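Trainee: Sharing data-v2.cif here; it has mmCIF, C-alpha atoms.
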data_target
loop_
_atom_site.label_atom_id
_atom_site.label_comp_id
_atom_site.auth_asym_id
_atom_site.auth_seq_id
_atom_site.Cartn_x
_atom_site.Cartn_y
_atom_site.Cartn_z
CA MET K 172 -5.94 0.26 -66.13
CA GLN K 173 -4.86 3.87 -66.51
CA ILE K 174 -1.46 5.10 -67.62
CA GLU K 175 0.15 8.50 -67.33
CA MET K 176 2.08 9.34 -70.45
CA GLY K 177 2.44 13.08 -70.25
CA LEU K 178 0.83 16.40 -69.36
CA HIS K 179 -1.34 16.81 -72.46
CA GLN K 180 -2.64 13.32 -73.07
CA LYS K 181 -6.41 12.89 -73.12
CA ALA K 182 -7.81 11.94 -69.75
CA GLY K 183 -8.69 8.30 -69.17
CA THR K 184 -6.32 6.84 -71.72
CA THR K 185 -5.85 3.14 -71.14
CA LEU K 186 -2.88 0.97 -71.96
CA PRO K 187 -4.68 -0.79 -74.86
CA SER K 188 -5.69 2.56 -76.38
CA PHE K 189 -2.13 3.85 -76.01
CA VAL K 190 -0.82 0.75 -77.80
CA ARG K 191 -3.33 1.21 -80.62
CA SER K 192 -2.40 4.86 -81.01
CA TYR K 193 1.30 4.09 -80.87
CA ILE K 194 0.94 1.49 -83.63
CA VAL K 195 -0.70 4.13 -85.83
CA THR K 196 2.20 6.45 -85.03
CA MET K 197 4.66 3.74 -86.15
CA ARG K 198 3.11 3.72 -89.69
CA PRO K 199 2.68 -0.08 -90.04
CA TYR K 200 2.72 0.19 -93.83
CA LEU K 201 6.27 1.55 -93.69
CA LEU K 202 7.66 -1.11 -91.38
CA PHE K 203 8.14 -3.09 -94.59
CA VAL K 204 10.69 -0.49 -95.74
CA SER K 205 13.08 -1.22 -92.89
CA GLY K 206 12.08 -4.88 -93.01
CA ILE K 207 13.20 -5.35 -96.61
CA THR K 208 16.37 -3.34 -95.90
CA GLY K 209 17.29 -5.74 -93.11
CA ILE K 210 16.33 -8.74 -95.25
CA ALA K 211 18.63 -7.51 -98.00
CA GLY K 212 21.47 -7.23 -95.49
CA LEU K 213 20.85 -10.78 -94.29
CA ALA K 214 20.69 -12.06 -97.86
CA PHE K 215 24.22 -10.87 -98.57
CA ALA K 216 25.50 -12.37 -95.30
CA SER K 217 26.29 -15.95 -94.40
CA GLU K 218 23.81 -18.77 -93.91
CA ILE K 219 22.42 -18.62 -90.37
CA PRO K 220 19.76 -20.61 -88.49
CA LEU K 221 16.12 -19.76 -89.21
CA THR K 222 15.43 -18.58 -85.65
CA ARG K 223 18.31 -16.12 -85.79
CA THR K 224 17.20 -14.92 -89.22
CA LEU K 225 13.68 -14.29 -87.94
CA LEU K 226 14.95 -12.46 -84.85
CA ILE K 227 17.18 -10.13 -86.86
CA GLY K 228 14.47 -9.63 -89.46
CA THR K 229 11.95 -8.73 -86.76
CA ALA K 230 14.31 -6.17 -85.24
CA ALA K 231 14.84 -4.64 -88.67
CA PHE K 232 11.10 -4.64 -89.37
CA LEU K 233 10.23 -2.83 -86.13
CA SER K 234 13.11 -0.35 -86.23
CA TYR K 235 11.42 1.91 -88.79
CA GLY K 236 8.32 2.21 -86.66
CA PHE K 237 10.22 3.06 -83.49
CA GLY K 238 12.41 5.49 -85.41
CA GLN K 239 9.44 7.14 -87.13
CA ALA K 240 7.63 7.58 -83.83
CA LEU K 241 10.79 9.07 -82.32
CA THR K 242 11.24 11.66 -85.07
CA ASP K 243 7.54 12.53 -84.88
CA CYS K 244 8.15 13.77 -81.36
CA PHE K 245 10.26 16.58 -82.82
CA GLN K 246 8.05 17.43 -85.83
CA VAL K 247 4.70 18.15 -84.20
CA ASP K 248 4.72 21.64 -85.73
CA THR K 249 4.65 20.56 -89.37
CA ASP K 250 2.66 17.37 -88.72
CA SER K 251 -0.13 19.40 -87.11
CA LEU K 252 -0.69 21.00 -90.52
CA SER K 253 0.03 18.12 -92.90
CA ALA K 254 -1.11 15.10 -90.87
CA PRO K 255 -3.66 16.19 -88.24
CA TYR K 256 -5.03 12.64 -87.98
CA ARG K 257 -1.93 11.35 -86.19
CA PRO K 258 -2.37 10.40 -82.51
CA LEU K 259 0.32 12.81 -81.32
CA ILE K 260 -1.55 15.70 -82.91
CA GLN K 261 -4.93 14.47 -81.66
CA GLY K 262 -3.62 14.19 -78.10
CA ASP K 263 -4.27 10.45 -77.91
CA VAL K 264 -0.63 10.02 -76.89
CA THR K 265 2.00 12.54 -75.84
CA ARG K 266 5.55 13.18 -76.81
CA THR K 267 6.71 12.01 -73.38
CA GLY K 268 5.12 8.59 -73.74
CA VAL K 269 6.01 8.13 -77.40
CA LEU K 270 9.57 9.26 -76.79
CA TRP K 271 10.22 6.72 -74.02
CA VAL K 272 8.56 3.82 -75.80
CA SER K 273 10.48 4.65 -78.99
CA VAL K 274 13.82 4.84 -77.22
CA GLY K 275 13.09 1.56 -75.49
CA GLY K 276 12.06 -0.10 -78.73
CA LEU K 277 15.12 1.12 -80.60
CA THR K 278 17.33 -0.03 -77.74
CA PHE K 279 15.82 -3.52 -78.05
CA CYS K 280 16.46 -3.57 -81.80
CA VAL K 281 20.07 -2.43 -81.43
CA LEU K 282 20.69 -5.02 -78.71
CA VAL K 283 19.42 -7.77 -81.01
CA PHE K 284 21.90 -6.69 -83.68
CA ALA K 285 24.68 -6.18 -81.13
CA LEU K 286 24.24 -9.62 -79.57
CA CYS K 287 24.95 -11.07 -82.99
CA ASN K 288 27.89 -8.77 -83.67
CA ALA K 289 29.34 -6.35 -81.10
CA TRP K 290 30.27 -3.80 -83.77
CA ASN K 291 26.56 -3.19 -84.28
CA LEU K 292 26.41 -1.48 -80.91
CA LEU K 293 28.53 1.33 -82.31
CA ILE K 294 26.61 1.49 -85.59
CA GLY K 295 23.30 1.40 -83.73
CA PHE K 296 24.34 4.20 -81.40
CA ALA K 297 25.31 6.34 -84.39
CA ALA K 298 22.01 5.60 -86.14
CA ALA K 299 20.01 6.45 -83.00
CA ALA K 300 21.89 9.73 -82.71
CA GLY K 301 21.05 10.34 -86.35
CA LEU K 302 17.34 9.88 -85.66
CA LEU K 303 17.47 12.29 -82.73
CA THR K 304 19.11 14.97 -84.88
CA TYR K 305 17.23 14.35 -88.14
CA THR K 306 14.74 17.18 -87.63
CA TYR K 307 17.57 19.73 -87.63
CA PHE K 308 18.93 18.44 -90.93
CA LYS K 309 15.47 18.16 -92.48
CA ARG K 310 15.30 21.96 -92.26
CA LYS K 311 18.31 22.18 -94.61
CA TRP K 312 17.42 21.74 -98.29
CA TRP K 313 20.75 20.08 -99.06
CA ALA K 314 20.75 17.59 -96.18
CA GLY K 315 17.40 15.96 -95.44
CA PRO K 316 17.26 13.02 -97.89
CA PHE K 317 20.96 12.20 -97.53
CA TYR K 318 20.85 12.37 -93.74
CA ASN K 319 17.85 10.07 -93.54
CA ALA K 320 19.30 7.70 -96.13
CA TRP K 321 22.56 7.04 -94.29
CA ILE K 322 20.59 5.91 -91.24
CA VAL K 323 18.64 3.36 -93.29
CA THR K 324 21.84 2.25 -95.03
CA ALA K 325 23.34 1.68 -91.59
CA LEU K 326 20.48 -0.73 -90.91
CA PHE K 327 21.50 -2.72 -93.99
CA PHE K 328 25.03 -3.08 -92.64
CA MET K 329 23.81 -3.93 -89.15
CA ALA K 330 21.70 -6.79 -90.51
CA PHE K 331 24.60 -7.90 -92.71
CA PHE K 332 27.05 -8.05 -89.82
CA ALA K 333 24.46 -9.60 -87.50
CA GLY K 334 24.02 -12.34 -90.07
CA GLY K 335 27.72 -13.14 -89.94
CA GLY K 336 28.54 -11.33 -93.17
CA SER K 337 32.03 -10.42 -94.25
CA SER K 338 33.11 -7.84 -96.79
CA THR K 339 34.71 -10.67 -98.76
CA ASP K 340 31.32 -12.32 -99.39
CA PHE K 341 30.30 -9.82 -102.07
CA PRO K 342 31.29 -6.21 -102.79
CA LEU K 343 28.80 -4.24 -100.71
CA LEU K 344 29.29 -0.84 -102.32
CA PHE K 345 26.66 -1.22 -105.02
CA PRO K 346 23.95 -2.81 -102.82
CA ALA K 347 24.56 -0.05 -100.28
CA LEU K 348 24.24 2.59 -103.01
CA VAL K 349 20.93 1.08 -104.12
CA ILE K 350 19.62 1.49 -100.58
CA PHE K 351 21.14 4.93 -100.04
CA PHE K 352 19.83 6.54 -103.23
CA GLY K 353 16.64 4.51 -103.34
CA TYR K 354 15.68 5.61 -99.85
CA ALA K 355 16.89 9.18 -100.39
CA ASN K 356 14.53 9.30 -103.35
CA PHE K 357 11.65 8.09 -101.17
CA VAL K 358 12.42 10.80 -98.62
CA LEU K 359 12.62 13.52 -101.25
CA ALA K 360 9.40 12.36 -102.91
CA GLY K 361 7.76 12.35 -99.49
CA TYR K 362 8.57 16.03 -99.05
CA PHE K 363 6.25 16.80 -101.99
CA LYS K 364 3.17 16.02 -99.87
CA ASP K 365 4.17 18.46 -97.08
CA ILE K 366 5.37 21.53 -98.96
CA ALA K 367 2.78 23.94 -97.57
CA ALA K 368 3.19 22.68 -94.00
CA ASP K 369 6.98 22.67 -94.20
CA ARG K 370 7.06 26.20 -95.63
CA ALA K 371 4.79 27.47 -92.86
CA THR K 372 6.89 25.89 -90.10
CA GLY K 373 10.39 26.70 -91.35
CA TYR K 374 11.41 23.37 -92.89
CA ASN K 375 13.45 24.54 -95.85
CA THR K 376 13.32 21.27 -97.80
CA LEU K 377 14.43 21.10 -101.42
CA PRO K 378 10.88 21.48 -102.84
CA VAL K 379 10.29 24.44 -100.50
CA ALA K 380 13.58 26.12 -101.37
CA TYR K 381 13.70 25.52 -105.13
CA GLY K 382 10.27 24.34 -106.14
CA ARG K 383 8.78 21.07 -107.33
CA ARG K 384 10.40 21.12 -110.77
CA THR K 385 13.99 21.30 -109.49
CA ALA K 386 13.27 18.78 -106.75
CA ALA K 387 11.77 16.40 -109.31
CA PHE K 388 14.93 16.51 -111.43
CA VAL K 389 17.07 15.77 -108.37
CA SER K 390 14.71 12.89 -107.57
CA HIS K 391 15.24 11.55 -111.09
CA LEU K 392 19.00 11.49 -110.46
CA PHE K 393 18.51 9.60 -107.20
CA ALA K 394 16.22 7.06 -108.88
CA ALA K 395 18.56 6.58 -111.84
CA THR K 396 21.54 5.99 -109.57
CA ALA K 397 19.65 3.39 -107.54
CA VAL K 398 18.46 1.55 -110.66
CA VAL K 399 21.89 1.55 -112.32
CA CYS K 400 23.57 0.24 -109.17
CA ALA K 401 20.90 -2.43 -108.82
CA GLY K 402 21.46 -3.40 -112.44
CA TYR K 403 25.14 -3.91 -111.73
CA VAL K 404 24.32 -6.24 -108.84
CA PHE K 405 21.79 -8.20 -110.90
CA LEU K 406 24.27 -8.61 -113.74
CA SER K 407 26.88 -9.86 -111.26
CA THR K 408 24.94 -13.04 -110.57
CA GLY K 409 27.82 -15.14 -111.88
CA GLU K 410 27.86 -18.15 -114.14
CA GLY K 411 25.92 -21.32 -113.54
CA ARG K 412 22.72 -19.65 -112.37
CA LEU K 413 19.62 -21.69 -113.14
CA PRO K 414 17.01 -20.09 -115.43
CA TRP K 415 14.40 -20.08 -112.65
CA HIS K 416 16.79 -18.05 -110.52
CA LEU K 417 16.93 -15.38 -113.19
CA VAL K 418 13.15 -15.50 -113.45
CA ALA K 419 12.89 -15.02 -109.68
CA ILE K 420 15.15 -11.97 -109.82
CA SER K 421 13.26 -10.53 -112.79
CA THR K 422 9.90 -11.06 -111.06
CA PHE K 423 10.92 -8.45 -108.51
CA ALA K 424 13.41 -6.31 -110.42
CA GLY K 425 11.31 -5.83 -113.56
CA PRO K 426 8.19 -4.48 -111.84
CA GLY K 427 10.41 -2.61 -109.38
CA ILE K 428 12.12 -0.62 -112.11
CA ALA K 429 8.79 -0.10 -113.90
CA VAL K 430 7.03 1.40 -110.88
CA ILE K 431 10.05 3.55 -110.06
CA LEU K 432 9.83 5.03 -113.55
CA LEU K 433 6.10 5.51 -113.09
CA GLY K 434 6.73 7.31 -109.81
CA GLN K 435 9.25 9.62 -111.43
CA VAL K 436 6.89 10.51 -114.26
CA ARG K 437 4.09 11.22 -111.79
CA LEU K 438 6.38 13.19 -109.48
CA HIS K 439 7.23 15.52 -112.35
CA LYS K 440 3.52 16.20 -112.80
CA VAL K 441 2.68 16.92 -109.15
CA ARG K 442 1.13 20.37 -108.80
CA THR K 443 -0.43 20.21 -105.33
CA ASP K 444 0.52 18.55 -102.04
CA VAL K 445 -2.72 16.58 -101.88
CA HIS K 446 -1.90 14.73 -105.11
CA ALA K 447 1.73 13.90 -104.26
CA HIS K 448 0.81 10.45 -102.93
CA ARG K 449 0.15 9.34 -106.51
CA ALA K 450 3.89 9.57 -107.12
CA ILE K 451 5.10 8.52 -103.68
CA VAL K 452 3.24 5.19 -103.70
CA PRO K 453 5.10 3.88 -106.79
CA VAL K 454 8.41 5.13 -105.38
CA VAL K 455 8.07 3.17 -102.13
CA ASN K 456 6.76 0.13 -104.02
CA GLY K 457 9.81 0.31 -106.27
CA TYR K 458 12.16 0.44 -103.31
CA ILE K 459 10.70 -2.71 -101.77
CA LEU K 460 10.57 -4.59 -105.08
CA LEU K 461 14.12 -3.62 -106.02
CA LEU K 462 15.52 -4.74 -102.66
CA SER K 463 13.50 -7.94 -102.88
CA GLY K 464 15.30 -8.58 -106.15
CA LEU K 465 18.64 -8.01 -104.45
CA ALA K 466 17.69 -10.48 -101.72
CA VAL K 467 16.58 -13.15 -104.21
CA ARG K 468 19.82 -12.69 -106.10
CA CYS K 469 21.61 -14.14 -103.08
CA ARG K 470 18.83 -16.33 -101.64
CA PRO K 471 16.65 -17.77 -104.40
CA ASP K 472 14.90 -19.98 -101.83
CA TRP K 473 13.47 -16.80 -100.29
CA PHE K 474 11.35 -16.14 -103.38
CA ILE K 475 8.01 -17.32 -101.96
CA PRO K 476 8.46 -15.68 -98.52
CA LEU K 477 9.38 -12.42 -100.25
CA MET K 478 6.32 -12.63 -102.48
CA LEU K 479 4.19 -13.00 -99.36
CA PHE K 480 6.11 -10.14 -97.73
CA TYR K 481 5.32 -7.85 -100.65
CA LEU K 482 1.67 -8.91 -100.67
CA ALA K 483 1.42 -8.08 -96.96
CA PHE K 484 2.97 -4.68 -97.67
CA ALA K 485 0.51 -3.92 -100.46
CA VAL K 486 -2.47 -4.81 -98.27
CA THR K 487 -1.17 -2.80 -95.29
CA LEU K 488 -0.39 0.22 -97.48
CA ALA K 489 -3.91 0.14 -98.90
CA GLU K 490 -5.31 0.29 -95.36
CA ARG K 491 -3.35 3.37 -94.24
CA PRO K 492 -5.50 5.86 -92.30
CA SER K 493 -4.92 8.80 -94.67
CA ARG K 494 -4.73 8.32 -98.42
CA GLU K 495 -2.66 11.49 -98.91
CA GLN K 496 -0.03 10.58 -96.30
CA ILE K 497 2.66 7.95 -96.96
#
How would this structure read if it were set down as structure tokens?
Mentor:
Amino acid sequence: MQIEMGLHQKAGTTLPSFVRSYIVTMRPYLLFVSGITGIAGLAFASEIPLTRTLLIGTAAFLSYGFGQALTDCFQVDTDSLSAPYRPLIQGDVTRTGVLWVSVGGLTFCVLVFALCNAWNLLIGFAAAAGLLTYTYFKRKWWAGPFYNAWIVTALFFMAFFAGGGSSTDFPLLFPALVIFFGYANFVLAGYFKDIAADRATGYNTLPVAYGRRTAAFVSHLFAATAVVCAGYVFLSTGEGRLPWHLVAISTFAGPGIAVILLGQVRLHKVRTDVHAHRAIVPVVNGYILLLSGLAVRCRPDWFIPLMLFYLAFAVTLAERPSREQI
């Protein structure tokens, strides 16, 4: 079976090969980033049936991949230099095909959230518009991490509202700040691996504009804010918590904070793009562990599933196609 996905796709591409290439484009190892963000939103919401929880969690999990593939359609210039292995650069798929599949996938995810809470249609539309315009803001040194972070934070709120959450359940400011600054830090750290490519293609990111040293200090501020806000949430567990509940929280939060600190130390020592992944890997691990701690704070019975979730992330991350790209 042949499919026509655009003018520059390799001849003879079949549907199965397109699917395989598209999955690579989605970055399977990073689906866990949006997945844990949605899980955190559900954890702070009301109790809902398991089937509904799994449906919302699946939509959150897939949303990063669809969104990443969508933004890749507008960043072929820099990706061709920093990530030539990607299917879009290789010509295994085209922007036309990836664009339509991504839009369709994101539409499905938003509809899942919206069917659970109509307000999510508005939030989802805003987030989709944010993805479409992200490339413009990535070129601005002062905007990229913040612009990307608000979109991911919107996912947290969409999952929260889809789960029947109310602002009276728990003050959401500090959990939202953990996600906002934690993800902004991941974005900023990620720029360290693409400095040469971004400079050559006109992406004036913070490391390009002011150098690695200044960008590292800003990253430290992002990381510190996320950790402090998470600490406030963890300390707000209330009275009457069982000791094993505190152990469950610490099992995620302790290593999460430790690897975040490790990432920050390594980030400050990055001298070349090719070695930046040594710092980025701990940063993304810390984000997932910290949010897992937030989720367990509200849902201690999710401890085992979240442990399995993190194990699956670690295995998938280790199997990424390019060691230097995160």
Trainee: Tell me which residues the PyMOL selection byres ((chain K and resi 403) around 12) grabs here, as an MDAnalysis selection string.
Mentor: chainID K and resid 342:346 348:349 396:402 404:409 465 468
Trainee: Evaluate the PyMOL selection byres ((chain K and resi 432) around 10) here and jot the selected residues down as an MDAnalysis selection string.
Mentor: chainID K and resid 391 394:395 398 426:431 433:438 450 453:454 457
Trainee: Using only C-alpha atoms, pick whichever of K:Leu461, K:Ala330, K:Val247, K:Leu286 has the shortest atom-to-atom distance to K:Gln261.
Mentor: K:Val247
Trainee: Expand the PyMOL selection byres ((chain K and resi 257) around 10) into the explicit residue set it covers here, and present it as a PDB file with C-alpha atoms, in the frame of the given file.
Mentor:
ATOM      1  CA  SER K 192      -2.400   4.860 -81.010  1.00  0.00           C
ATOM      2  CA  TYR K 193       1.300   4.090 -80.870  1.00  0.00           C
ATOM      3  CA  VAL K 195      -0.700   4.130 -85.830  1.00  0.00           C
ATOM      4  CA  THR K 196       2.200   6.450 -85.030  1.00  0.00           C
ATOM      5  CA  ARG K 198       3.110   3.720 -89.690  1.00  0.00           C
ATOM      6  CA  ASP K 243       7.540  12.530 -84.880  1.00  0.00           C
ATOM      7  CA  VAL K 247       4.700  18.150 -84.200  1.00  0.00           C
ATOM      8  CA  ASP K 250       2.660  17.370 -88.720  1.00  0.00           C
ATOM      9  CA  SER K 251      -0.130  19.400 -87.110  1.00  0.00           C
ATOM     10  CA  SER K 253       0.030  18.120 -92.900  1.00  0.00           C
ATOM     11  CA  ALA K 254      -1.110  15.100 -90.870  1.00  0.00           C
ATOM     12  CA  PRO K 255      -3.660  16.190 -88.240  1.00  0.00           C
ATOM     13  CA  TYR K 256      -5.030  12.640 -87.980  1.00  0.00           C
ATOM     14  CA  PRO K 258      -2.370  10.400 -82.510  1.00  0.00           C
ATOM     15  CA  LEU K 259       0.320  12.810 -81.320  1.00  0.00           C
ATOM     16  CA  ILE K 260      -1.550  15.700 -82.910  1.00  0.00           C
ATOM     17  CA  GLN K 261      -4.930  14.470 -81.660  1.00  0.00           C
ATOM     18  CA  GLY K 262      -3.620  14.190 -78.100  1.00  0.00           C
ATOM     19  CA  ASP K 263      -4.270  10.450 -77.910  1.00  0.00           C
ATOM     20  CA  VAL K 264      -0.630  10.020 -76.890  1.00  0.00           C
ATOM     21  CA  PRO K 492      -5.500   5.860 -92.300  1.00  0.00           C
ATOM     22  CA  SER K 493      -4.920   8.800 -94.670  1.00  0.00           C
TER      23      SER K 493
END
Trainee: Write out as a list in words each polymer residue whose atoms come within 7 Å of stretch 301-315 of chain K, counting all atoms listed in the file; drop sequence neighbours fewer than 2 positions from it.
Mentor: Gly238, Thr242, Phe245, Gln246, Ala297, Ala298, Ala299, Phe317, Tyr318, Asn319, Ile322, Gly373, Tyr374, Asn375, Thr376, Leu377 and Ala380 of chain K
Trainee: Taking all atoms listed in the file into account, which of K:Ser337, K:Thr278, K:Thr224, K:Asn356 comes nearest K:Tyr458?
Mentor: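 Going through K:Ser337, K:Thr278, K:Thr224, K:Asn356 one by one, the smallest distance to K:Tyr458 is for K:Asn356.
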Trainee: So which residues touch stretch 478-490 of chain K within 12 Å, counting only C-alpha atoms, skipping near sequence neighbours fewer than 2 positions away, as an NGL selection string?
Mentor: :K and (195 or 198-207 or 210 or 228 or 232 or 419-420 or 422-423 or 427 or 448 or 451-453 or 455-464 or 466-467 or 471-476 or 492-497)
Trainee: I'd like to know which of K:Ala424, K:Ala360, K:Ala368, K:Arg449 is closest to K:Arg384, using all atoms listed in the file.
Mentor: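 So, comparing all the options, the nearest one is K:Ala360.
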Trainee: Could you tell me how far atom CA of K:Phe331 sits from atom CA of K:Phe357, in Å to one decimal place?
Mentor: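 Computing the Euclidean distance for atom CA of K:Phe357 and atom CA of K:Phe331 yields 22.2 Å.
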Trainee: With all atoms listed in the file as the basis for distance, which of K:Ala387, K:Met329, K:Val323, K:Ala300 is at the shortest distance from K:Arg442?
Mentor: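 Comparing K:Ala387, K:Met329, K:Val323, K:Ala300 against K:Arg442, the winner is K:Ala387.
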Trainee: Out of K:Ser217, K:Thr208, K:Thr222, K:Ser273, which residue has the shortest atom-to-atom distance to K:Phe237 when counting only C-alpha atoms?
Mentor: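 Closest to K:Phe237 of all the choices is K:Ser273.
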Trainee: Which of these, K:Trp271, K:Phe215, K:Phe363, K:Phe332, has the shortest distance to K:His446 once you count all atoms listed in the file?
Mentor: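 The shortest atom-to-atom distance to K:His446 comes from K:Phe363.
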Trainee: One decimal, Å: what's the distance from atom CA of K:Pro187 over to atom CA of K:Thr229, could you say?
Mentor: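 Going from atom CA of K:Pro187 over to atom CA of K:Thr229, I get 21.9 Å.
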